[in-house]
Amino acid sequence: MSTIDPIADPAADAAVRGDDRSHVFHSWSAQALIDPLPVAGGAGATFWDYAGNSYLDFSSQLVNLNLGHQHPDLVAAIQEQAGRLATIQPSMANATRGELARRISEIAPDGFSKVFFTNGGADANENAVRMARLVTGKRKVLAMYRSYHGNTSTAITLTGDPRRWANEPADASVVHFFGPYAYRSPFHADSPEQEAERALAHLEQTIILEGASTIGAIIIESVVGTNGVLIPPPGYLPGVRELCDRYGIVYIADEVMVGFGRLGTWWGFENFDVVPDLITFAKGVNSGYVPLGGVVISDRIAAHFDTVSFPGGLTYSGHPLACAPGVATFEVFRRDGILERVRDLGERVVRPRLEQMAARHPSVGEVRGLGLFWAIELVRDRQSREPLVPFNAAGADAAPMAAFAAACKKAGLWPFTHFNRVHVAPPLIISEDDLVRGLDVIDRALEVTDAEVAS
């Protein structure tokens with residue numbers, strides 16, 4: 001159990017809250033309707049506020065804090081790099097940038113030798129799409145409805161969830177399709193295998209009807225993240241790979257959320273027997289300590305730009321202060337056996353405990369996940385599978401989920417909730433005791449949602 005004992009500091013709380021409310025414009029928010037928590041500090045899998053409350057971070061902030069708060073190796077790497085060379089423009093060679101690119105290439109599949117660095121996941125996806133369009137000469141891109149790919153122009157258009165709506169029109173060359181979701185199958189499938197088969201048939205029909213000659217890329221989160229922790233059924237991603245090969249389409253794997261150990265493997269797609277053409281990453285590459293993302297480029301695509309200029313770049317591409325904790329991340333992963341412990345904790349601790357919750361709590365419709373990335377889908381009725389709250393619920397409609405989150409926070413856990421789901425995504429360095437303690441909190445808080453279940 002955590003031994004952190006934060007001290008209340010009302011004056012600091014008031015000062016931080018005052019500056020924030022007066023001057024900070026927050027993302028995805030109606031500014032007058034929010035009350036952001038002033039955070040005083042963090043360590044490992046825990047953070048705390050100025051009121052003396054500490055919270056187990058069961059969302060890894062935005063599923064990026066893979067190595068936890070204030071990891072000493074990552075902090076030291078940033079400090080050392082700042083003392084040696086704080087920044088250098090991307091057109092020059094830099095030892096730290098080059099080392100991180102090499103290390104990323106070494107964990108990529110055979111035939112991936114180059115890395116283009118960005119500031120985060122959205123611009124990684126933007127630039128991956130740009131590469132695909134330039135190489136194929138085709139502009140159209142297919143993306144799933146249940147997806148999130150970022151908030152820049154093309155990335156938000158690729159996004160399938162409601163955050164796209166208010167940003168339209170943006171990139172008119174994006175077409176959405178239904179991905180597999182066995183629990184709520186849009187294809188009326190009765191098995192994972194049938195879900196994969198029918199989802200692939202739907203995708204192929206979309207390709208044919210949209211015109212394969214117009215489609216440059218298909219982008220897919222290897223495991224859909226915020227929109228459900230949707231694990232692709234057996235054969236689905238290899239089937240996507242085959243369709244891309246058959247129709248001359250670039251396959252982009254969005255690994256922004258599940259890359260760098262979240263599923264117990266370096267890359268999420270490793271779990272599904274498939275190799276994409278372009279791999280986008282961010283978040284876990286350096287646990288978000290300094291903004292960083294990028295695209296790992298297959299040699300075939302990289303070769304296109306050997307004598308043709310790539311028309312893209314960023315002032316802070318491969319920033320040394322961002323790359324330094326990325327290099328340190330590799331050392332921590334290997335020294336501390338992070339991938340192995342994620343697989344162990346996921347299968348030995350999380351899976352059986354969530355399955356027990358599903359059996360005991362009538363509000364739990366399904367649990368699913370891999371490694372330290374899970375979803376608990378909450379329903380009002382197990383037979384009809386009516387969601388506990390409606391799709392894109394807000395205000396009074398979302399009250400049951402708000403009550404669940406409040407119960408978690410009161411018990412010292414900061415949860416990740418989205419629509420009718422609870423996601424379990426703690427830092428990969430969380431202790432087993434803290435992991436069990438957090439699951440205990442969720443277990444008790446589910447009594448709140450059980451009260452909503454139809455009798």
# chains A, B, ... in the order shown; residues from 1 in each chain; ligands from 1
call {"tool": "select_by_dssp", "arguments": {"residues": "range 137-355 of chain A", "states": "strand (DSSP E or B)", "output": "number ranges by chain"}}
result
A: 140-144, 174-177, 215-221, 224, 230, 250-254, 278-281, 293-298
call {"tool": "residues_around", "arguments": {"residues": "Ser147 in chain A", "least_positions_apart": "4", "cutoff": "8 Å", "atoms": "only C-alpha atoms", "output": "short mmCIF file (atom, residue, chain, number, x, y, z; two decimals) with C-alpha atoms, in the first residue's frame"}}
result
data_model
loop_
_atom_site.label_atom_id
_atom_site.label_comp_id
_atom_site.auth_asym_id
_atom_site.auth_seq_id
_atom_site.Cartn_x
_atom_site.Cartn_y
_atom_site.Cartn_z
CA ALA A 143 -11.13 4.92 -40.19
CA LEU A 158 -10.36 10.30 -38.69
CA THR A 159 -11.79 10.16 -35.18
CA GLY A 160 -15.09 8.34 -35.02
CA ASP A 161 -16.39 9.41 -31.62
CA ILE A 220 -6.84 1.40 -36.98
CA GLU A 221 -6.09 1.54 -33.27
CA VAL A 224 -9.50 0.66 -29.62
CA GLY A 225 -8.71 2.78 -26.58
CA THR A 226 -10.98 5.46 -25.15
CA ASN A 227 -13.91 4.15 -27.18
#
call {"tool": "residues_around", "arguments": {"residues": "range 10-23 of chain A", "least_positions_apart": "2", "cutoff": "10 Å", "atoms": "only C-alpha atoms", "output": "list in words"}}
result
Ile7, Ala8, Phe25, His26, Gln31, Ala32, Ile34, Asp35, Pro36, Leu37, Pro38, Val39, Ala40, Asp49, Tyr50, Ala51 and Gly52 of chain A
call {"tool": "atom_distance", "arguments": {"atom1": "CA of Ala322 in chain A", "atom2": "CA of Asp299 in chain A"}}
result
24.8 Å
call {"tool": "residues_around", "arguments": {"residues": "Thr118 in chain A", "least_positions_apart": "3", "cutoff": "9 Å", "atoms": "only C-alpha atoms", "output": "list in words"}}
result
Gly121, Ala122, Asp123, Ala124, Asn127, Ala282, Pro291, Leu292, Gly293, Gly294, Val295, Gly313, Leu314, Tyr316, Ser317, Gly318 and His319 of chain A
call {"tool": "write_last_selection", "arguments": {"atoms": "N, CA and C atoms", "output": "CSV table (one decimal), in the first residue's frame"}}
result
chain,number,residue,atom,x,y,z
A,121,GLY,N,0.6,12.4,-30.4
A,121,GLY,CA,-0.1,11.4,-31.2
A,121,GLY,C,-0.9,11.9,-32.4
A,122,ALA,N,-1.5,13.1,-32.2
A,122,ALA,CA,-2.3,13.7,-33.3
A,122,ALA,C,-1.5,14.0,-34.5
A,123,ASP,N,-0.3,14.6,-34.3
A,123,ASP,CA,0.5,15.0,-35.4
A,123,ASP,C,1.3,13.8,-35.9
A,124,ALA,N,1.4,12.7,-35.1
A,124,ALA,CA,2.0,11.5,-35.7
A,124,ALA,C,1.0,10.9,-36.7
A,127,ASN,N,0.9,13.0,-39.9
A,127,ASN,CA,2.0,12.8,-40.8
A,127,ASN,C,2.1,11.4,-41.4
A,282,ALA,N,3.2,7.6,-29.3
A,282,ALA,CA,3.3,8.8,-28.4
A,282,ALA,C,3.3,8.3,-27.0
A,291,PRO,N,6.4,16.4,-24.2
A,291,PRO,CA,5.6,16.0,-25.4
A,291,PRO,C,6.5,15.3,-26.5
A,292,LEU,N,6.1,14.1,-26.9
A,292,LEU,CA,6.8,13.4,-28.0
A,292,LEU,C,5.9,12.4,-28.6
A,293,GLY,N,6.0,12.2,-29.9
A,293,GLY,CA,5.3,11.2,-30.7
A,293,GLY,C,6.1,10.9,-31.9
A,294,GLY,N,5.5,10.1,-32.8
A,294,GLY,CA,6.3,9.8,-34.0
A,294,GLY,C,5.6,8.7,-34.9
A,295,VAL,N,6.3,8.5,-36.0
A,295,VAL,CA,5.9,7.5,-37.0
A,295,VAL,C,7.1,6.6,-37.2
A,313,GLY,N,7.3,18.9,-41.3
A,313,GLY,CA,8.3,19.0,-40.3
A,313,GLY,C,7.8,19.8,-39.1
A,314,LEU,N,8.5,19.8,-38.0
A,314,LEU,CA,8.1,20.5,-36.8
A,314,LEU,C,9.3,21.1,-36.1
A,316,TYR,N,10.0,21.3,-33.1
A,316,TYR,CA,10.5,20.5,-32.0
A,316,TYR,C,10.6,19.0,-32.3
A,317,SER,N,10.6,18.6,-33.5
A,317,SER,CA,10.7,17.2,-33.9
A,317,SER,C,12.0,16.6,-33.3
A,318,GLY,N,11.8,15.5,-32.5
A,318,GLY,CA,12.9,14.9,-31.9
A,318,GLY,C,13.6,15.7,-30.8
A,319,HIS,N,12.9,16.5,-30.1
A,319,HIS,CA,13.5,17.4,-29.1
A,319,HIS,C,14.3,16.6,-28.1
call {"tool": "closest_residue", "arguments": {"among": "A:Glu99, A:Asp9, A:Asp443, A:Glu210", "to": "Phe330 in chain A", "atoms": "only C-alpha atoms"}}
result
A:Glu99
call {"tool": "select_by_dssp", "arguments": {"residues": "range 80-283 of chain A", "states": "helix (DSSP H, G or I)", "output": "VMD selection string"}}
result
chain A and resid 80 to 84 95 to 107 121 to 136 153 to 158 162 to 167 182 to 184 192 to 210 212 to 214 236 to 247 268 to 272 283
call {"tool": "closest_atom_pairs", "arguments": {"of": "range 165-223 of chain A", "to": "range 376-400 of chain A", "cutoff": "12 Å", "atoms": "only C-alpha atoms", "output": "JSON lines"}}
result
{"residue": "A:Trp165", "atom": "CA", "partner": "A:Asn392", "partner_atom": "CA", "distance": 11.5}
{"residue": "A:Tyr183", "atom": "CA", "partner": "A:Arg385", "partner_atom": "CA", "distance": 8.6}
{"residue": "A:Arg184", "atom": "CA", "partner": "A:Arg385", "partner_atom": "CA", "distance": 8.2}
{"residue": "A:Ser185", "atom": "CA", "partner": "A:Arg385", "partner_atom": "CA", "distance": 11.4}
call {"tool": "residues_around", "arguments": {"residues": "Val349 in chain A", "least_positions_apart": "3", "cutoff": "9 Å", "atoms": "only C-alpha atoms", "output": "PyMOL selection string"}}
result
chain A and resi 344-346+352-354+432+435-436
call {"tool": "residues_around", "arguments": {"residues": "Ala411 in chain A", "least_positions_apart": "5", "cutoff": "10 Å", "atoms": "only C-alpha atoms", "output": "count of residues only"}}
result
12
call {"tool": "closest_residue", "arguments": {"among": "A:Gly179, A:Pro238, A:Pro362, A:Gly288", "to": "Phe269 in chain A", "atoms": "only C-alpha atoms"}}
result
A:Pro238
call {"tool": "closest_residue", "arguments": {"among": "A:Pro109, A:Gly371, A:Pro192, A:Gly264", "to": "Pro233 in chain A", "atoms": "only C-alpha atoms"}}
result
A:Pro192
call {"tool": "closest_residue", "arguments": {"among": "A:Ile219, A:Val364, A:Leu74, A:Tyr148", "to": "Val250 in chain A", "atoms": "only C-alpha atoms"}}
result
A:Ile219
call {"tool": "closest_residue", "arguments": {"among": "A:Ala82, A:Ala196, A:Leu372, A:Ile279", "to": "Glu255 in chain A", "atoms": "only C-alpha atoms"}}
result
A:Ile279
call {"tool": "atom_distance", "arguments": {"atom1": "CA of Lys138 in chain A", "atom2": "CA of Asn151 in chain A"}}
result
22.7 Å
call {"tool": "residues_around", "arguments": {"residues": "Tyr251 in chain A", "least_positions_apart": "6", "cutoff": "6 Å", "atoms": "only C-alpha atoms", "output": "JSON, numbers by chain"}}
result
{"A": [217, 218, 276, 277]}
call {"tool": "write_last_selection", "arguments": {"atoms": "C-alpha atoms", "output": "PDB file, in the first residue's frame"}}
result
ATOM      1  CA  ALA A 217      -4.730   4.276 -46.192  1.00  0.00           C
ATOM      2  CA  ILE A 218      -6.703   2.518 -43.500  1.00  0.00           C
ATOM      3  CA  PRO A 276       1.366  -2.731 -40.547  1.00  0.00           C
ATOM      4  CA  ASP A 277       3.089  -0.354 -42.983  1.00  0.00           C
TER       5      ASP A 277
END
